[in-house]
Every structure is written in C-alpha cells, then in structure tokens.
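Down below is the structure, laid out as structure tokens.
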Amino acid sequence: MKFGVNILNFGPHATPEALAGWARFAEEAGFDFAMISDHVAVTPDVAEQYPAPFYDPFTVLAWLAGTTERIALGTTVAVLPYRHPLQLARVTANLDRLSGGRLIFGVGVGWSKREYAALNVPFEQRGPMTDRALDVVLRSWTQDSVSYGDETIDPRPHPVQKPHPPVWVGGRSPGALRRAARFGDAWHPINVTPAALRTEGLPALRRAAEEAGRPVPALAPRIRLDDVDEALRQAEGFAELGATHLLLDTYPGTPDLARPPEEDQRMLAAFRETF
C-alpha cells in the first residue's frame with residue numbers, strides 16, 4: 001500500500017513557501033503521493049470550513065511538479081462541473097506531461113449549493129455533468145480527434161501515462177459508486193472506516209462494477225490523521241481489505257481546530273516511520 005499526504009492549500013498557513021515546503025516534506029519523508037483539494041468560489045459556507053486564501057489545485061500542482069522529482073501529485077477531489085471539460089482535459093494532460101507522468105486525477109461532484117450558484121452551474125445536474133465531463137476527458141486523453149458539440153477538437157498533447165492517468169472517483173452515494181465503477185481506476189472515499197467498507201462500501205462497489213461490466217476499481221481512501229496510533233490501526237484494516245493507496249489528511253475539519261504545520265508534519269513522519 002502506498003501512502004500520501006493531503007497538502008492544505010487554504011487558510012492562514014497556506015503560502016507559496018509553505019506549499020513548496022509541504023511537497024518537499026512529503027517527498028523527503030518517504031511518502032508516495034501528495035494531493036490538493038478544490039474550490040473555485042469560496043462562498044461563506046465554504047469559508048466556514050476552508051478559509052481563504054484558497055489556492056487553485058491545478059496551478060499549485062503544476063508549480064509543485066517543478067519542485068519535486070518522485071512523488072505523484074493529484075486532486076482530492078477536483079469538482080468537475082466547475083470547469084469546462086475540454087479545459088479540464090487539456091490542463092490535466094499538460095500536468096501529466098510536464099510532471100513526467102505523475103498525475104492522479106481525483107474527481108467528485110462537490111457539495112456547496114452556494115458555490116454552484118456563484119458559478120452559475122446547476123447544482124441538481126452535478127452528477128450527470130460529472131459523468132459527461134469524465135467521458136470527454138478520457139476521450140481527449142486517448143484520442144487525437146474529439147467531437148464536441150458541432151466541432152472537432154485536437155486535444156494534444158496527450159498524457160504521459162498510458163492508457164491515461166489514474167482516475168480516482170470520490171463520494172459514497174449510489175451515483176458515486178456507479179461513477180467509480182464506470183470510469184474509475186480507484187474508488188476514493190473520504191473519512192471511512194475499514195469496518196464500514198467491509199460491510200457496506202465494498203459490496204456496493206462490487207455490485208456497481210458487475211452492473212457496469214468492468215473490473216472492480218482499486219480502493220484508495222482518505223482518512224483524517226488526528227492520532228497516529230488510531231491511523232496505524234486503520235491502515236492495517238485498509239491493507240487487509242486490499243487498499244492500494246491511503247491518503248492521510250491532517251486537517252481536523254474546521255479552522256479553530258487546525259494545528260501548526262510543524263505538528264501535523266511530526267505526526268505524518270511518525271506514521272511513515274512506523275508503517
């Protein structure tokens with residue numbers, strides 16, 4: 001199982017220097033990948049959990065690709081309806097090529113109705129829009145000519161990774177599981193326990209994959225790291241379930257509970273030294 005760090009790209013500690021420092025820490029501490037979250041319009045409901053400044057994930061990942069050499073870099077998760085799918089396809093293909101094939105494309109539908117409203121995107125259509133965007137992105141990554149509307153698009157350059165960068169689909173709703181089964185290389189649920197996955201999540205994912213006629217996606221959860229011993233216990237449980245990746249998130253969920261970056265990094269280093 002590979003381990004990753006969720007880099008906090010928001011809040012008072014988020015500076016260009018700090019973001020670069022987090023990436024260097026992840027690489028030097030022996031982590032395999034680092035990921036970044038996504039919001040475009042920080043409306044008040046978003047700011048209650050993820051205060052400004054909020055750095056764009058794709059811009060930051062492109063910059064971090066130039067400051068790192070080994071770790072994979074990804075989104076946890078990019079909210080696909082916020083951007084045009086042709087732009088997403090080009091940005092992500094460029095990222096994979098410029099990083100030497102290190103992109104992980106984590107995707108989801110988002111949760112903030114107010115953010116959708118600010119962007120003039122219909123919240124009620126977020127599921128179908130995400131499915132359509134994934135179809136366009138995957139075709140753009142793998143084909144030299146893509147039909148979109150009444151036009152034919154040349155999406156090149158293609159990504160380095162073949163057949164394409166891994167797609168991790170977030171969410172635990174029935175729609176998210178169907179999406180993971182249809183498009184995903186991995187299912188990327190957030191804040192889940194091995195027990196819940198064993199009894200509910202993974203059986204539902206297997207049923208969705210059977211209905212889609214595709215192999216069952218890999219398991220790549222994200223968990224909160226508040227206590228190192230508890231995270232180690234959970235990691236053992238995920239390993240028993242066959243998880244291929246585990247992303248560790250040190251953010252406690254609200255700004256008032258946030259710890260200094262140095263404390264978060266001490267916990268992450270202790271976890272990595274043990275497991």
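Naming works like this for the structure tokens: A, B, ... for the chains as they're shown, residue 1 at the start of each chain, ligands 1 onward in shown order.
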Item to check | Backbone-only DSSP, strand (DSSP E or B) members of segment 60-199 of chain A, as number ranges by chain | outcome: A: 72-75, 78-79, 103-108, 146-148, 151-153, 167-170, 186-188, 190
Next on the checklist: Considering only alpha helix (DSSP H) as DSSP defines it on the backbone, what residues of segment 36-100 of chain A qualify? List them as a list in words.
Outcome noted: Pro44, Asp45, Val46, Ala47, Glu48, Gln49, Pro57, Phe58, Thr59, Val60, Leu61, Ala62, Trp63, Leu64, Ala65, Pro85, Leu86, Gln87, Leu88, Ala89, Arg90, Val91, Thr92, Ala93, Asn94, Leu95, Asp96, Arg97 and Leu98 of chain A
Item to check | Near-Val107 of chain A list (7 Å; only C-alpha atoms; drop same-chain fewer than 6 positions) as a PyMOL selection string | outcome: chain A and resi 76-80+168-170
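Using only C-alpha atoms, the protein and nucleic acid residues lying no more than 9 Å from Asp264 of chain A, apart from those fewer than 6 places from it along its own chain, are Leu225, Asp226, Thr250 and Tyr251 of chain A.
If you measure from each of A:Arg24, A:Lys162, A:Arg126, A:Arg266 to Thr142 of chain A using only C-alpha atoms, the closest one turns out to be A:Lys162.
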Find the residues around Phe31 of chain A up to 6 Å (only C-alpha atoms counted), leave out those fewer than 2 positions away in its own chain, and share them as an mmCIF file with all heavy atoms, in the first residue's frame.
data_model
loop_
_atom_site.group_PDB
_atom_site.id
_atom_site.type_symbol
_atom_site.label_atom_id
_atom_site.label_comp_id
_atom_site.auth_asym_id
_atom_site.auth_seq_id
_atom_site.Cartn_x
_atom_site.Cartn_y
_atom_site.Cartn_z
ATOM 1 N N PHE A 3 1.322 5.456 0.462
ATOM 2 C CA PHE A 3 0.800 6.455 1.383
ATOM 3 C C PHE A 3 1.008 7.860 0.830
ATOM 4 O O PHE A 3 2.043 8.155 0.218
ATOM 5 C CB PHE A 3 1.482 6.330 2.747
ATOM 6 C CG PHE A 3 1.200 5.023 3.432
ATOM 7 C CD1 PHE A 3 2.129 3.995 3.403
ATOM 8 C CD2 PHE A 3 -0.020 4.810 4.066
ATOM 9 C CE1 PHE A 3 1.870 2.781 4.013
ATOM 10 C CE2 PHE A 3 -0.290 3.601 4.681
ATOM 11 C CZ PHE A 3 0.649 2.579 4.651
ATOM 12 N N GLY A 4 0.001 8.708 1.087
ATOM 13 C CA GLY A 4 0.070 10.069 0.589
ATOM 14 C C GLY A 4 -0.272 11.091 1.652
ATOM 15 O O GLY A 4 -0.816 10.773 2.717
ATOM 16 N N ALA A 26 6.831 15.841 2.040
ATOM 17 C CA ALA A 26 6.223 14.572 1.624
ATOM 18 C C ALA A 26 7.228 13.698 0.894
ATOM 19 O O ALA A 26 7.314 12.484 1.133
ATOM 20 C CB ALA A 26 5.000 14.844 0.746
ATOM 21 N N GLU A 27 8.011 14.308 0.013
ATOM 22 C CA GLU A 27 8.974 13.529 -0.756
ATOM 23 C C GLU A 27 10.112 13.027 0.134
ATOM 24 O O GLU A 27 10.505 11.856 0.070
ATOM 25 C CB GLU A 27 9.516 14.386 -1.894
ATOM 26 C CG GLU A 27 10.247 13.602 -2.953
ATOM 27 C CD GLU A 27 10.309 14.325 -4.281
ATOM 28 O OE1 GLU A 27 11.008 15.356 -4.342
ATOM 29 O OE2 GLU A 27 9.684 13.872 -5.251
ATOM 30 N N ALA A 29 10.118 12.584 3.380
ATOM 31 C CA ALA A 29 9.671 11.678 4.440
ATOM 32 C C ALA A 29 9.291 10.302 3.916
ATOM 33 O O ALA A 29 8.922 9.428 4.709
ATOM 34 C CB ALA A 29 8.488 12.296 5.190
ATOM 35 N N PHE A 33 2.773 9.970 -2.615
ATOM 36 C CA PHE A 33 1.993 10.940 -3.389
ATOM 37 C C PHE A 33 1.511 12.046 -2.475
ATOM 38 O O PHE A 33 1.487 11.911 -1.245
ATOM 39 C CB PHE A 33 0.824 10.264 -4.116
ATOM 40 C CG PHE A 33 -0.191 9.592 -3.230
ATOM 41 C CD1 PHE A 33 -1.419 10.188 -2.958
ATOM 42 C CD2 PHE A 33 0.055 8.330 -2.682
ATOM 43 C CE1 PHE A 33 -2.361 9.566 -2.163
ATOM 44 C CE2 PHE A 33 -0.889 7.698 -1.883
ATOM 45 C CZ PHE A 33 -2.107 8.319 -1.622
#
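Using only C-alpha atoms, the protein and nucleic acid residues lying no more than 7 Å from segment 149-157 of chain A, apart from those fewer than 3 places from it along its own chain, are Arg90, Ala93, Asn94, Ser140, Asp144, Ser145 and Val146 of chain A.
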Take the residues from that selection and write them out as a PDB file, in the first residue's frame, keeping all heavy atoms.
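Resulting contents of result.pdb:
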ATOM      1  N   ARG A  90      -7.340  19.387 -21.134  1.00  0.00           N
ATOM      2  CA  ARG A  90      -6.056  19.954 -21.547  1.00  0.00           C
ATOM      3  C   ARG A  90      -5.155  20.245 -20.348  1.00  0.00           C
ATOM      4  O   ARG A  90      -3.961  19.937 -20.358  1.00  0.00           O
ATOM      5  CB  ARG A  90      -6.282  21.228 -22.372  1.00  0.00           C
ATOM      6  CG  ARG A  90      -5.003  21.781 -22.990  1.00  0.00           C
ATOM      7  CD  ARG A  90      -5.292  22.832 -24.038  1.00  0.00           C
ATOM      8  NE  ARG A  90      -6.054  22.310 -25.157  1.00  0.00           N
ATOM      9  CZ  ARG A  90      -5.527  21.612 -26.169  1.00  0.00           C
ATOM     10  NH1 ARG A  90      -4.225  21.342 -26.176  1.00  0.00           N
ATOM     11  NH2 ARG A  90      -6.286  21.179 -27.148  1.00  0.00           N
ATOM     12  N   ALA A  93      -3.896  16.855 -18.910  1.00  0.00           N
ATOM     13  CA  ALA A  93      -2.918  16.228 -19.805  1.00  0.00           C
ATOM     14  C   ALA A  93      -1.593  16.975 -19.757  1.00  0.00           C
ATOM     15  O   ALA A  93      -0.515  16.357 -19.726  1.00  0.00           O
ATOM     16  CB  ALA A  93      -3.457  16.189 -21.233  1.00  0.00           C
ATOM     17  N   ASN A  94      -1.658  18.302 -19.758  1.00  0.00           N
ATOM     18  CA  ASN A  94      -0.429  19.098 -19.645  1.00  0.00           C
ATOM     19  C   ASN A  94       0.284  18.812 -18.333  1.00  0.00           C
ATOM     20  O   ASN A  94       1.522  18.673 -18.291  1.00  0.00           O
ATOM     21  CB  ASN A  94      -0.755  20.582 -19.732  1.00  0.00           C
ATOM     22  CG  ASN A  94      -1.070  21.071 -21.139  1.00  0.00           C
ATOM     23  OD1 ASN A  94      -1.123  22.264 -21.381  1.00  0.00           O
ATOM     24  ND2 ASN A  94      -1.311  20.167 -22.074  1.00  0.00           N
ATOM     25  N   SER A 140     -10.417  12.713 -24.658  1.00  0.00           N
ATOM     26  CA  SER A 140      -9.389  13.691 -25.015  1.00  0.00           C
ATOM     27  C   SER A 140      -7.994  13.190 -24.676  1.00  0.00           C
ATOM     28  O   SER A 140      -7.025  13.494 -25.382  1.00  0.00           O
ATOM     29  CB  SER A 140      -9.649  15.015 -24.288  1.00  0.00           C
ATOM     30  OG  SER A 140     -10.888  15.577 -24.679  1.00  0.00           O
ATOM     31  N   ASP A 144      -6.743  11.392 -30.820  1.00  0.00           N
ATOM     32  CA  ASP A 144      -6.163  12.570 -31.465  1.00  0.00           C
ATOM     33  C   ASP A 144      -7.225  13.538 -31.961  1.00  0.00           C
ATOM     34  O   ASP A 144      -6.916  14.703 -32.249  1.00  0.00           O
ATOM     35  CB  ASP A 144      -5.288  12.151 -32.655  1.00  0.00           C
ATOM     36  CG  ASP A 144      -4.046  11.406 -32.218  1.00  0.00           C
ATOM     37  OD1 ASP A 144      -3.705  11.458 -31.015  1.00  0.00           O
ATOM     38  OD2 ASP A 144      -3.407  10.769 -33.080  1.00  0.00           O
ATOM     39  N   SER A 145      -8.459  13.073 -32.072  1.00  0.00           N
ATOM     40  CA  SER A 145      -9.546  13.904 -32.565  1.00  0.00           C
ATOM     41  C   SER A 145     -10.788  13.618 -31.729  1.00  0.00           C
ATOM     42  O   SER A 145     -11.178  12.455 -31.581  1.00  0.00           O
ATOM     43  CB  SER A 145      -9.812  13.605 -34.045  1.00  0.00           C
ATOM     44  OG  SER A 145     -10.886  14.372 -34.534  1.00  0.00           O
ATOM     45  N   VAL A 146     -11.399  14.668 -31.177  1.00  0.00           N
ATOM     46  CA  VAL A 146     -12.539  14.501 -30.283  1.00  0.00           C
ATOM     47  C   VAL A 146     -13.690  15.371 -30.771  1.00  0.00           C
ATOM     48  O   VAL A 146     -13.506  16.578 -31.017  1.00  0.00           O
ATOM     49  CB  VAL A 146     -12.168  14.891 -28.836  1.00  0.00           C
ATOM     50  CG1 VAL A 146     -13.395  14.845 -27.937  1.00  0.00           C
ATOM     51  CG2 VAL A 146     -11.083  13.959 -28.306  1.00  0.00           C
TER      52      VAL A 146
END
Checklist entry - Just how far from atom CA of Ala89 of chain A is atom CA of Ala14 of chain A, in Å to one decimal? => result 26.9 Å
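Computed from the coordinates, the atom CA of Leu247 of chain A to atom CA of Asp38 of chain A distance equals 15.6 Å.
Those residues that approach Gly74 of chain A to within 6 Å, counting only C-alpha atoms, are Met35, Leu103, Ile104 and Phe105 of chain A; same-chain residues fewer than 5 positions away are not listed.
Using only C-alpha atoms, the smallest distance between any of A:Leu241, A:Ile36, A:Leu88, A:Val5 and Ile223 of chain A comes from A:Val5.
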Checklist entry - Which value, in Å to one decimal, gives the distance between atom CA of Leu73 of chain A and atom CA of Ser37 of chain A? => result 11.5 Å
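Among the candidates A:Phe58, A:Phe271, A:Arg214, A:Ala258, the one nearest to Ala235 of chain A when counting only C-alpha atoms is A:Phe271.
Using only C-alpha atoms, the nearest neighbour of Asn6 of chain A within the list A:Thr254, A:Thr193, A:Thr244, A:Thr75 is A:Thr75.
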